[in-house]
>>> print(open('work.pdb').read())   # PDB, C-alpha atoms
ATOM      1  CA  ALA A1120      41.704-112.424  -2.228
ATOM      2  CA  GLN A1121      38.579-110.490  -1.447
ATOM      3  CA  SER A1122      36.628-108.215  -3.743
ATOM      4  CA  VAL A1123      33.316-106.448  -4.092
ATOM      5  CA  THR A1124      31.353-105.585  -7.189
ATOM      6  CA  GLN A1125      28.897-102.739  -7.185
ATOM      7  CA  LEU A1126      26.383-103.061  -9.966
ATOM      8  CA  GLY A1127      25.509 -99.715 -11.470
ATOM      9  CA  SER A1128      27.912 -96.822 -11.276
ATOM     10  CA  HIS A1129      24.987 -94.398 -11.391
ATOM     11  CA  VAL A1130      21.510 -94.842  -9.915
ATOM     12  CA  SER A1131      18.703 -92.293 -10.094
ATOM     13  CA  VAL A1132      15.516 -92.493  -8.061
ATOM     14  CA  SER A1133      12.665 -90.103  -7.438
ATOM     15  CA  GLU A1134      12.275 -88.477  -4.065
ATOM     16  CA  GLY A1135      10.163 -90.795  -1.891
ATOM     17  CA  ALA A1136      10.943 -93.883  -3.963
ATOM     18  CA  LEU A1137      12.803 -96.996  -2.874
ATOM     19  CA  VAL A1138      16.583 -96.861  -2.974
ATOM     20  CA  LEU A1139      18.382-100.100  -3.898
ATOM     21  CA  LEU A1140      22.145-100.154  -4.328
ATOM     22  CA  ARG A1141      23.662-103.498  -5.217
ATOM     23  CA  CYS A1142      26.819-105.084  -3.871
ATOM     24  CA  ASN A1143      28.159-108.589  -4.421
ATOM     25  CA  TYR A1144      31.250-109.854  -2.697
ATOM     26  CA  SER A1145      33.857-112.536  -3.139
ATOM     27  CA  SER A1146      35.663-113.841  -0.095
ATOM     28  CA  SER A1147      37.562-116.983   0.841
ATOM     29  CA  VAL A1148      36.626-116.522   4.508
ATOM     30  CA  PRO A1149      33.457-115.325   6.239
ATOM     31  CA  PRO A1150      33.403-111.672   5.291
ATOM     32  CA  TYR A1151      32.800-108.528   7.238
ATOM     33  CA  LEU A1152      30.846-106.129   5.051
ATOM     34  CA  PHE A1153      30.408-102.388   5.161
ATOM     35  CA  TRP A1154      28.589 -99.589   3.406
ATOM     36  CA  TYR A1155      30.078 -96.111   3.421
ATOM     37  CA  VAL A1156      28.697 -92.842   2.056
ATOM     38  CA  GLN A1157      30.788 -90.007   0.686
ATOM     39  CA  TYR A1158      29.431 -86.521   0.145
ATOM     40  CA  PRO A1159      31.252 -84.176  -2.251
ATOM     41  CA  ASN A1160      34.691 -83.125  -1.064
ATOM     42  CA  GLN A1161      34.372 -85.107   2.135
ATOM     43  CA  GLY A1162      35.692 -88.326   3.639
ATOM     44  CA  LEU A1163      33.782 -91.552   4.129
ATOM     45  CA  GLN A1164      31.016 -91.996   6.682
ATOM     46  CA  LEU A1165      30.058 -95.464   7.891
ATOM     47  CA  LEU A1166      26.396 -96.236   7.171
ATOM     48  CA  LEU A1167      26.284 -99.780   8.513
ATOM     49  CA  LYS A1168      28.305-102.945   8.942
ATOM     50  CA  TYR A1169      27.769-106.676   9.053
ATOM     51  CA  THR A1170      30.098-108.727  11.213
ATOM     52  CA  THR A1171      28.295-111.744  12.668
ATOM     53  CA  GLY A1172      24.793-112.503  13.888
ATOM     54  CA  ALA A1173      21.652-110.990  12.440
ATOM     55  CA  THR A1174      21.796-110.824   8.677
ATOM     56  CA  LEU A1175      19.555-107.760   8.418
ATOM     57  CA  VAL A1176      21.572-104.764   9.485
ATOM     58  CA  LYS A1177      20.110-101.362  10.215
ATOM     59  CA  GLY A1178      22.213 -98.274   9.806
ATOM     60  CA  ILE A1179      21.992 -94.550  10.031
ATOM     61  CA  ASN A1180      19.690 -92.270   8.036
ATOM     62  CA  GLY A1181      17.116 -95.038   7.515
ATOM     63  CA  PHE A1182      19.367 -97.334   5.499
ATOM     64  CA  GLU A1183      19.563-101.071   5.945
ATOM     65  CA  ALA A1184      21.284-103.989   4.239
ATOM     66  CA  GLU A1185      20.807-107.738   4.243
ATOM     67  CA  PHE A1186      23.655-110.230   4.156
ATOM     68  CA  LYS A1187      22.722-113.140   1.884
ATOM     69  CA  LYS A1188      25.432-115.767   1.923
ATOM     70  CA  SER A1189      23.743-117.927  -0.722
ATOM     71  CA  GLU A1190      23.731-114.986  -3.131
ATOM     72  CA  THR A1191      27.035-113.469  -1.909
ATOM     73  CA  SER A1192      25.213-110.160  -1.735
ATOM     74  CA  PHE A1193      24.931-107.231   0.634
ATOM     75  CA  HIS A1194      22.520-104.821  -1.045
ATOM     76  CA  LEU A1195      21.737-101.453   0.526
ATOM     77  CA  THR A1196      18.138-100.235   0.702
ATOM     78  CA  LYS A1197      16.108 -97.319   1.974
ATOM     79  CA  PRO A1198      12.301 -97.303   1.722
ATOM     80  CA  SER A1199      11.916 -93.636   0.837
ATOM     81  CA  ALA A1200      14.613 -91.516  -0.781
ATOM     82  CA  HIS A1201      15.330 -88.010   0.436
ATOM     83  CA  MET A1202      17.139 -85.277  -1.432
ATOM     84  CA  SER A1203      19.886 -85.373   1.185
ATOM     85  CA  ASP A1204      20.682 -88.985   0.197
ATOM     86  CA  ALA A1205      22.364 -87.812  -2.997
ATOM     87  CA  ALA A1206      25.986 -88.938  -2.634
ATOM     88  CA  GLU A1207      28.514 -91.622  -3.592
ATOM     89  CA  TYR A1208      28.062 -94.976  -1.885
ATOM     90  CA  PHE A1209      30.811 -97.550  -1.415
ATOM     91  CA  CYS A1210      30.529-101.176  -0.434
ATOM     92  CA  ALA A1211      33.584-102.685   1.258
ATOM     93  CA  VAL A1212      34.722-106.059   2.549
ATOM     94  CA  SER A1213      37.341-107.167   5.051
ATOM     95  CA  LYS A1214      38.478-110.509   6.390
ATOM     96  CA  GLY A1215      36.984-109.547   9.665
ATOM     97  CA  SER A1216      39.625-109.862  12.315
ATOM     98  CA  GLY A1217      38.921-106.316  13.325
ATOM     99  CA  ASN A1218      42.056-104.756  12.002
ATOM    100  CA  GLU A1219      42.125-105.905   8.451
ATOM    101  CA  LYS A1220      42.262-103.735   5.380
ATOM    102  CA  LEU A1221      39.083-102.759   3.606
ATOM    103  CA  THR A1222      38.641-103.607  -0.056
ATOM    104  CA  PHE A1223      36.239-101.176  -1.676
ATOM    105  CA  GLY A1224      34.013-101.361  -4.686
ATOM    106  CA  THR A1225      34.105 -98.724  -7.385
ATOM    107  CA  GLY A1226      31.147 -96.857  -5.931
ATOM    108  CA  THR A1227      27.611 -95.964  -6.953
ATOM    109  CA  ARG A1228      26.579 -92.359  -7.422
ATOM    110  CA  LEU A1229      23.015 -91.874  -6.215
ATOM    111  CA  THR A1230      20.993 -89.040  -7.722
ATOM    112  CA  ILE A1231      17.620 -88.057  -6.293
ATOM    113  CA  ILE A1232      15.075 -86.647  -8.719
ATOM    114  CA  PRO A1233      12.752 -84.024  -7.172
TER     115      PRO A1233
ATOM    116  CA  ASP B1372      35.041 -86.386  20.975
ATOM    117  CA  ALA B1373      37.102 -85.277  18.020
ATOM    118  CA  GLY B1374      36.993 -87.515  14.978
ATOM    119  CA  VAL B1375      39.921 -88.517  12.817
ATOM    120  CA  THR B1376      41.793 -85.375  11.901
ATOM    121  CA  GLN B1377      44.017 -85.004   8.871
ATOM    122  CA  SER B1378      46.345 -82.225   7.843
ATOM    123  CA  PRO B1379      46.709 -80.407   5.619
ATOM    124  CA  THR B1380      43.329 -80.464   3.905
ATOM    125  CA  HIS B1381      44.708 -79.416   0.540
ATOM    126  CA  LEU B1382      48.195 -79.475  -0.887
ATOM    127  CA  ILE B1383      49.788 -78.659  -4.220
ATOM    128  CA  LYS B1384      53.209 -80.099  -5.008
ATOM    129  CA  THR B1385      55.485 -80.247  -8.023
ATOM    130  CA  ARG B1386      56.605 -83.463  -9.679
ATOM    131  CA  GLY B1387      59.670 -84.912  -7.984
ATOM    132  CA  GLN B1388      58.969 -83.288  -4.633
ATOM    133  CA  HIS B1389      58.312 -85.022  -1.358
ATOM    134  CA  VAL B1390      55.139 -84.764   0.752
ATOM    135  CA  THR B1391      54.179 -85.651   4.312
ATOM    136  CA  LEU B1392      50.562 -86.118   5.303
ATOM    137  CA  ARG B1393      49.475 -86.330   8.918
ATOM    138  CA  CYS B1394      46.688 -88.112  10.749
ATOM    139  CA  SER B1395      45.459 -88.070  14.336
ATOM    140  CA  PRO B1396      43.169 -90.988  15.208
ATOM    141  CA  ILE B1397      40.195 -90.926  17.504
ATOM    142  CA  SER B1398      41.271 -91.059  21.131
ATOM    143  CA  GLY B1399      41.716 -94.683  22.160
ATOM    144  CA  HIS B1400      42.068 -95.964  18.606
ATOM    145  CA  LYS B1401      45.332 -97.826  18.163
ATOM    146  CA  SER B1402      45.038 -98.791  14.509
ATOM    147  CA  VAL B1403      45.552 -96.343  11.654
ATOM    148  CA  SER B1404      45.168 -97.096   7.976
ATOM    149  CA  TRP B1405      45.867 -95.032   4.883
ATOM    150  CA  TYR B1406      43.937 -95.135   1.633
ATOM    151  CA  GLN B1407      44.357 -93.421  -1.722
ATOM    152  CA  GLN B1408      41.251 -92.393  -3.621
ATOM    153  CA  VAL B1409      41.777 -91.335  -7.194
ATOM    154  CA  LEU B1410      38.968 -89.256  -8.671
ATOM    155  CA  GLY B1411      36.066 -91.451  -9.717
ATOM    156  CA  GLN B1412      37.323 -94.589  -7.994
ATOM    157  CA  GLY B1413      36.977 -96.357  -4.691
ATOM    158  CA  PRO B1414      39.671 -95.980  -2.025
ATOM    159  CA  GLN B1415      42.720 -98.232  -2.362
ATOM    160  CA  PHE B1416      44.542 -99.558   0.679
ATOM    161  CA  ILE B1417      48.082 -98.262   1.191
ATOM    162  CA  PHE B1418      49.160 -99.099   4.753
ATOM    163  CA  GLN B1419      47.879-100.260   8.096
ATOM    164  CA  TYR B1420      49.594 -99.713  11.437
ATOM    165  CA  TYR B1421      48.634-101.153  14.785
ATOM    166  CA  GLU B1422      50.479-100.379  17.986
ATOM    167  CA  LYS B1423      53.199 -98.699  15.939
ATOM    168  CA  GLU B1424      53.902-101.771  13.845
ATOM    169  CA  GLU B1425      53.127-102.156  10.161
ATOM    170  CA  ARG B1426      50.383-104.739   9.787
ATOM    171  CA  GLY B1427      49.710-104.478   6.092
ATOM    172  CA  ARG B1428      50.881-102.850   2.901
ATOM    173  CA  GLY B1429      48.984-102.454  -0.330
ATOM    174  CA  ASN B1430      50.275-102.601  -3.866
ATOM    175  CA  PHE B1431      52.080 -99.265  -3.854
ATOM    176  CA  PRO B1432      55.709 -98.510  -4.788
ATOM    177  CA  ASP B1433      58.462 -97.982  -2.240
ATOM    178  CA  ARG B1434      58.100 -94.221  -2.743
ATOM    179  CA  PHE B1435      55.246 -94.546  -0.271
ATOM    180  CA  SER B1436      56.131 -95.011   3.380
ATOM    181  CA  ALA B1437      54.430 -94.432   6.699
ATOM    182  CA  ARG B1438      54.942 -94.623  10.400
ATOM    183  CA  GLN B1439      52.933 -94.505  13.598
ATOM    184  CA  PHE B1440      54.033 -92.621  16.664
ATOM    185  CA  PRO B1441      53.702 -93.543  20.372
ATOM    186  CA  ASN B1442      50.565 -91.382  20.619
ATOM    187  CA  TYR B1443      49.125 -93.427  17.693
ATOM    188  CA  SER B1444      49.177 -90.523  15.257
ATOM    189  CA  SER B1445      50.586 -91.332  11.858
ATOM    190  CA  GLU B1446      52.415 -89.861   8.900
ATOM    191  CA  LEU B1447      52.278 -90.903   5.270
ATOM    192  CA  ASN B1448      55.290 -89.925   3.199
ATOM    193  CA  VAL B1449      55.504 -89.949  -0.570
ATOM    194  CA  ASN B1450      58.813 -89.323  -2.338
ATOM    195  CA  ALA B1451      59.521 -88.371  -5.954
ATOM    196  CA  LEU B1452      55.942 -87.341  -6.605
ATOM    197  CA  LEU B1453      54.347 -88.243  -9.916
ATOM    198  CA  LEU B1454      51.312 -86.689 -11.571
ATOM    199  CA  GLY B1455      49.486 -89.959 -10.902
ATOM    200  CA  ASP B1456      49.870 -89.465  -7.163
ATOM    201  CA  SER B1457      47.236 -86.747  -7.337
ATOM    202  CA  ALA B1458      44.384 -88.049  -5.212
ATOM    203  CA  LEU B1459      42.450 -87.771  -1.980
ATOM    204  CA  TYR B1460      44.423 -89.463   0.788
ATOM    205  CA  LEU B1461      42.235 -90.827   3.539
ATOM    206  CA  CYS B1462      43.217 -91.884   7.012
ATOM    207  CA  ALA B1463      41.049 -94.248   9.041
ATOM    208  CA  SER B1464      41.274 -95.374  12.635
ATOM    209  CA  SER B1465      39.789 -98.268  14.553
ATOM    210  CA  ILE B1466      40.107-100.061  17.863
ATOM    211  CA  THR B1467      40.572-103.752  18.409
ATOM    212  CA  GLY B1468      37.225-105.475  18.592
ATOM    213  CA  ASN B1469      35.351-102.613  16.961
ATOM    214  CA  TYR B1470      34.938-103.715  13.411
ATOM    215  CA  GLY B1471      34.357-100.419  11.739
ATOM    216  CA  TYR B1472      36.778 -97.861  10.547
ATOM    217  CA  THR B1473      36.226 -94.142  11.065
ATOM    218  CA  PHE B1474      37.599 -92.033   8.269
ATOM    219  CA  GLY B1475      38.931 -88.529   8.287
ATOM    220  CA  SER B1476      37.968 -85.947   5.687
ATOM    221  CA  GLY B1477      41.155 -86.534   3.764
ATOM    222  CA  THR B1478      44.007 -84.560   2.271
ATOM    223  CA  ARG B1479      43.554 -83.533  -1.334
ATOM    224  CA  LEU B1480      46.985 -83.757  -3.006
ATOM    225  CA  THR B1481      47.499 -82.214  -6.411
ATOM    226  CA  VAL B1482      50.784 -82.836  -8.209
ATOM    227  CA  VAL B1483      51.583 -80.428 -11.037
TER     228      VAL B1483
END
>>> encode(input="work.pdb", output="structure tokens")
Amino acid sequence: AQSVTQLGSHVSVSEGALVLLRCNYSSSVPPYLFWYVQYPNQGLQLLLKYTTGATLVKGINGFEAEFKKSETSFHLTKPSAHMSDAAEYFCAVSKGSGNEKLTFGTGTRLTIIP
Amino acid sequence: DAGVTQSPTHLIKTRGQHVTLRCSPISGHKSVSWYQQVLGQGPQFIFQYYEKEERGRGNFPDRFSARQFPNYSSELNVNALLLGDSALYLCASSITGNYGYTFGSGTRLTVV
């Protein structure tokens, strides 16, 4: 079975500060990892994904994440927070065949302090 | 190109009733998945269909069923609604070899 754990259900950072959202995964096979963002009353938008190859993945809106197999982590970062980054962020894992179900974490609500 | 479209956007039903939710995938996407997101939680997998065949089912009771049509659109049906079925129901589509699911905006179901 696969699972993800998101450490910190709520994270607050000041505008312009570093954003770090943590995600650890458990998988019996090489995982495919994803970060999604959800704005209020909306669906999920894909920020970035790791499948194979380069372990540092760049996504939209200035976000990036690094796959660290030794730490079973896939933390999401952004160098400088913007007010528009305030949202719910979900880490997800799949087995990676391309059409496998996603298993989501419980989410991290990011608040940006002006 | 249009994204994943879901209808209706909001729905209020009474306990014991039946509901049908609809999803149109992105053009060319042959796989459709359904997820339930209860308020304050991450989405939970319900079903996956690929080329009109069920490829996966999550831990949901038999009251939940789905199907995929020849044009790859999909319906999620829920019978004998319970208060606990109140949630945001998300549809996602993907194509083989493109490891990333595109989600629709969801249908907000409220059971009273």
>>> closest_residue(input="work.pdb", among="B:Leu1453, B:Ile1397, B:Thr1376, B:Gly1413", to="chain A", atoms="all atoms listed in the file")
B:Gly1413
>>> interface_residues(input="work.pdb", of="chain A", to="chain B", cutoff="12 Å", atoms="all atoms listed in the file", output="MDAnalysis selection string")
chainID A and resid 1122:1125 1128:1129 1150:1171 1207:1228
>>> write_last_selection(input="work.pdb", atoms="C-alpha atoms", output="compact mmCIF listing (two decimals), in the coordinates of the input")
# COMPACT_ATOMS: atom_id res chain seq x y z
CA SER A 1122 36.63 -108.22 -3.74
CA VAL A 1123 33.32 -106.45 -4.09
CA THR A 1124 31.35 -105.58 -7.19
CA GLN A 1125 28.90 -102.74 -7.18
CA SER A 1128 27.91 -96.82 -11.28
CA HIS A 1129 24.99 -94.40 -11.39
CA PRO A 1150 33.40 -111.67 5.29
CA TYR A 1151 32.80 -108.53 7.24
CA LEU A 1152 30.85 -106.13 5.05
CA PHE A 1153 30.41 -102.39 5.16
CA TRP A 1154 28.59 -99.59 3.41
CA TYR A 1155 30.08 -96.11 3.42
CA VAL A 1156 28.70 -92.84 2.06
CA GLN A 1157 30.79 -90.01 0.69
CA TYR A 1158 29.43 -86.52 0.14
CA PRO A 1159 31.25 -84.18 -2.25
CA ASN A 1160 34.69 -83.12 -1.06
CA GLN A 1161 34.37 -85.11 2.13
CA GLY A 1162 35.69 -88.33 3.64
CA LEU A 1163 33.78 -91.55 4.13
CA GLN A 1164 31.02 -92.00 6.68
CA LEU A 1165 30.06 -95.46 7.89
CA LEU A 1166 26.40 -96.24 7.17
CA LEU A 1167 26.28 -99.78 8.51
CA LYS A 1168 28.30 -102.94 8.94
CA TYR A 1169 27.77 -106.68 9.05
CA THR A 1170 30.10 -108.73 11.21
CA THR A 1171 28.30 -111.74 12.67
CA GLU A 1207 28.51 -91.62 -3.59
CA TYR A 1208 28.06 -94.98 -1.88
CA PHE A 1209 30.81 -97.55 -1.42
CA CYS A 1210 30.53 -101.18 -0.43
CA ALA A 1211 33.58 -102.68 1.26
CA VAL A 1212 34.72 -106.06 2.55
CA SER A 1213 37.34 -107.17 5.05
CA LYS A 1214 38.48 -110.51 6.39
CA GLY A 1215 36.98 -109.55 9.66
CA SER A 1216 39.62 -109.86 12.32
CA GLY A 1217 38.92 -106.32 13.32
CA ASN A 1218 42.06 -104.76 12.00
CA GLU A 1219 42.12 -105.90 8.45
CA LYS A 1220 42.26 -103.74 5.38
CA LEU A 1221 39.08 -102.76 3.61
CA THR A 1222 38.64 -103.61 -0.06
CA PHE A 1223 36.24 -101.18 -1.68
CA GLY A 1224 34.01 -101.36 -4.69
CA THR A 1225 34.10 -98.72 -7.38
CA GLY A 1226 31.15 -96.86 -5.93
CA THR A 1227 27.61 -95.96 -6.95
CA ARG A 1228 26.58 -92.36 -7.42
>>> resolve_selection(input="work.pdb", expression="the PyMOL selection byres ((chain B and resi 1437) around 8)", output="list in words")
Phe1418, Phe1435, Ser1436, Arg1438, Gln1439, Ser1445, Glu1446, Leu1447 and Asn1448 of chain B
>>> resolve_selection(input="work.pdb", expression="the PyMOL selection byres ((chain A and resi 1131-1146) around 7)", output="ChimeraX atom specification")
/A:1120-1126,1129-1130,1147-1150,1191-1202,1210,1229-1233
>>> resolve_selection(input="work.pdb", expression="the PyMOL selection byres ((chain B and resi 1384) around 8)", output="ChimeraX atom specification")
/B:1382-1383,1385-1386,1388-1390,1452,1480-1483
>>> residues_around(input="work.pdb", residues="B:Asp1433", least_positions_apart="3", cutoff="10 Å", atoms="only C-alpha atoms", output="PDB file with C-alpha atoms, keeping the file's coordinate frame")
ATOM      1  CA  ASN B1430      50.275-102.601  -3.866  1.00  0.00           C
ATOM      2  CA  SER B1436      56.131 -95.011   3.380  1.00  0.00           C
ATOM      3  CA  VAL B1449      55.504 -89.949  -0.570  1.00  0.00           C
ATOM      4  CA  ASN B1450      58.813 -89.323  -2.338  1.00  0.00           C
TER       5      ASN B1450
END
>>> closest_residue(input="work.pdb", among="B:Gly1399, B:Gly1374, B:Thr1380, B:Gln1408", to="B:Ala1458", atoms="all atoms listed in the file")
B:Gln1408
>>> atom_distance(input="work.pdb", atom1="atom CA of B:Ala1373", atom2="atom CA of A:Ser1203")
24.1 Å
>>> atom_distance(input="work.pdb", atom1="atom CA of B:Val1409", atom2="atom CA of B:Pro1432")
15.9 Å
>>> atom_distance(input="work.pdb", atom1="atom CA of B:Asp1456", atom2="atom CA of B:Pro1379")
16.0 Å
>>> decode(input="work.pdb", residues="stretch 1123-1134 of chain A", atoms="all heavy atoms", output="PDB file, in the first residue's frame")
ATOM      1  N   VAL A1123       1.031   8.897   1.867  1.00  0.00           N
ATOM      2  CA  VAL A1123       1.832  10.100   2.046  1.00  0.00           C
ATOM      3  C   VAL A1123       1.446  10.741   3.357  1.00  0.00           C
ATOM      4  O   VAL A1123       0.288  10.675   3.781  1.00  0.00           O
ATOM      5  CB  VAL A1123       1.661  11.106   0.895  1.00  0.00           C
ATOM      6  CG1 VAL A1123       2.272  10.580  -0.379  1.00  0.00           C
ATOM      7  CG2 VAL A1123       0.219  11.488   0.707  1.00  0.00           C
ATOM      8  N   THR A1124       2.423  11.371   3.977  1.00  0.00           N
ATOM      9  CA  THR A1124       2.209  12.102   5.215  1.00  0.00           C
ATOM     10  C   THR A1124       2.660  13.531   5.010  1.00  0.00           C
ATOM     11  O   THR A1124       3.802  13.781   4.625  1.00  0.00           O
ATOM     12  CB  THR A1124       2.998  11.482   6.379  1.00  0.00           C
ATOM     13  OG1 THR A1124       2.596  10.122   6.545  1.00  0.00           O
ATOM     14  CG2 THR A1124       2.746  12.247   7.664  1.00  0.00           C
ATOM     15  N   GLN A1125       1.752  14.449   5.242  1.00  0.00           N
ATOM     16  CA  GLN A1125       2.098  15.859   5.147  1.00  0.00           C
ATOM     17  C   GLN A1125       2.241  16.402   6.562  1.00  0.00           C
ATOM     18  O   GLN A1125       1.299  16.344   7.356  1.00  0.00           O
ATOM     19  CB  GLN A1125       1.017  16.630   4.377  1.00  0.00           C
ATOM     20  CG  GLN A1125       0.973  16.241   2.912  1.00  0.00           C
ATOM     21  CD  GLN A1125      -0.008  17.085   2.118  1.00  0.00           C
ATOM     22  OE1 GLN A1125      -0.963  16.579   1.541  1.00  0.00           O
ATOM     23  NE2 GLN A1125       0.238  18.392   2.069  1.00  0.00           N
ATOM     24  N   LEU A1126       3.421  16.860   6.852  1.00  0.00           N
ATOM     25  CA  LEU A1126       3.716  17.358   8.195  1.00  0.00           C
ATOM     26  C   LEU A1126       3.303  18.814   8.308  1.00  0.00           C
ATOM     27  O   LEU A1126       3.818  19.665   7.597  1.00  0.00           O
ATOM     28  CB  LEU A1126       5.213  17.193   8.472  1.00  0.00           C
ATOM     29  CG  LEU A1126       5.718  15.749   8.419  1.00  0.00           C
ATOM     30  CD1 LEU A1126       7.218  15.706   8.594  1.00  0.00           C
ATOM     31  CD2 LEU A1126       5.017  14.903   9.472  1.00  0.00           C
ATOM     32  N   GLY A1127       2.376  19.065   9.214  1.00  0.00           N
ATOM     33  CA  GLY A1127       1.887  20.431   9.393  1.00  0.00           C
ATOM     34  C   GLY A1127       0.619  20.654   8.621  1.00  0.00           C
ATOM     35  O   GLY A1127       0.640  20.792   7.405  1.00  0.00           O
ATOM     36  N   SER A1128      -0.496  20.691   9.306  1.00  0.00           N
ATOM     37  CA  SER A1128      -1.766  20.930   8.621  1.00  0.00           C
ATOM     38  C   SER A1128      -1.934  22.411   8.283  1.00  0.00           C
ATOM     39  O   SER A1128      -2.703  22.751   7.378  1.00  0.00           O
ATOM     40  CB  SER A1128      -2.942  20.454   9.475  1.00  0.00           C
ATOM     41  OG  SER A1128      -2.941  21.110  10.720  1.00  0.00           O
ATOM     42  N   HIS A1129      -1.230  23.264   9.021  1.00  0.00           N
ATOM     43  CA  HIS A1129      -1.271  24.696   8.767  1.00  0.00           C
ATOM     44  C   HIS A1129       0.149  25.246   8.792  1.00  0.00           C
ATOM     45  O   HIS A1129       0.907  24.963   9.713  1.00  0.00           O
ATOM     46  CB  HIS A1129      -2.120  25.430   9.809  1.00  0.00           C
ATOM     47  CG  HIS A1129      -3.580  25.125   9.725  1.00  0.00           C
ATOM     48  ND1 HIS A1129      -4.138  24.029  10.321  1.00  0.00           N
ATOM     49  CD2 HIS A1129      -4.591  25.770   9.090  1.00  0.00           C
ATOM     50  CE1 HIS A1129      -5.442  24.014  10.073  1.00  0.00           C
ATOM     51  NE2 HIS A1129      -5.739  25.055   9.327  1.00  0.00           N
ATOM     52  N   VAL A1130       0.485  26.037   7.793  1.00  0.00           N
ATOM     53  CA  VAL A1130       1.786  26.705   7.725  1.00  0.00           C
ATOM     54  C   VAL A1130       1.544  28.171   7.400  1.00  0.00           C
ATOM     55  O   VAL A1130       0.777  28.489   6.487  1.00  0.00           O
ATOM     56  CB  VAL A1130       2.694  26.066   6.662  1.00  0.00           C
ATOM     57  CG1 VAL A1130       3.942  26.903   6.448  1.00  0.00           C
ATOM     58  CG2 VAL A1130       3.063  24.641   7.047  1.00  0.00           C
ATOM     59  N   SER A1131       2.194  29.041   8.165  1.00  0.00           N
ATOM     60  CA  SER A1131       2.100  30.483   7.909  1.00  0.00           C
ATOM     61  C   SER A1131       3.489  31.027   7.635  1.00  0.00           C
ATOM     62  O   SER A1131       4.436  30.728   8.377  1.00  0.00           O
ATOM     63  CB  SER A1131       1.504  31.214   9.116  1.00  0.00           C
ATOM     64  OG  SER A1131       0.177  30.807   9.345  1.00  0.00           O
ATOM     65  N   VAL A1132       3.604  31.819   6.582  1.00  0.00           N
ATOM     66  CA  VAL A1132       4.869  32.469   6.257  1.00  0.00           C
ATOM     67  C   VAL A1132       4.583  33.914   5.876  1.00  0.00           C
ATOM     68  O   VAL A1132       3.498  34.252   5.417  1.00  0.00           O
ATOM     69  CB  VAL A1132       5.615  31.761   5.101  1.00  0.00           C
ATOM     70  CG1 VAL A1132       5.907  30.316   5.450  1.00  0.00           C
ATOM     71  CG2 VAL A1132       4.829  31.854   3.815  1.00  0.00           C
ATOM     72  N   SER A1133       5.576  34.743   6.057  1.00  0.00           N
ATOM     73  CA  SER A1133       5.445  36.150   5.671  1.00  0.00           C
ATOM     74  C   SER A1133       5.635  36.298   4.172  1.00  0.00           C
ATOM     75  O   SER A1133       6.344  35.501   3.532  1.00  0.00           O
ATOM     76  CB  SER A1133       6.485  36.994   6.407  1.00  0.00           C
ATOM     77  OG  SER A1133       6.278  36.958   7.800  1.00  0.00           O
ATOM     78  N   GLU A1134       4.986  37.289   3.620  1.00  0.00           N
ATOM     79  CA  GLU A1134       5.163  37.569   2.196  1.00  0.00           C
ATOM     80  C   GLU A1134       6.640  37.825   1.915  1.00  0.00           C
ATOM     81  O   GLU A1134       7.303  38.577   2.644  1.00  0.00           O
ATOM     82  CB  GLU A1134       4.332  38.788   1.805  1.00  0.00           C
ATOM     83  CG  GLU A1134       4.258  39.047   0.319  1.00  0.00           C
ATOM     84  CD  GLU A1134       3.333  40.195  -0.027  1.00  0.00           C
ATOM     85  OE1 GLU A1134       2.964  40.967   0.884  1.00  0.00           O
ATOM     86  OE2 GLU A1134       2.976  40.346  -1.211  1.00  0.00           O
TER      87      GLU A1134
END
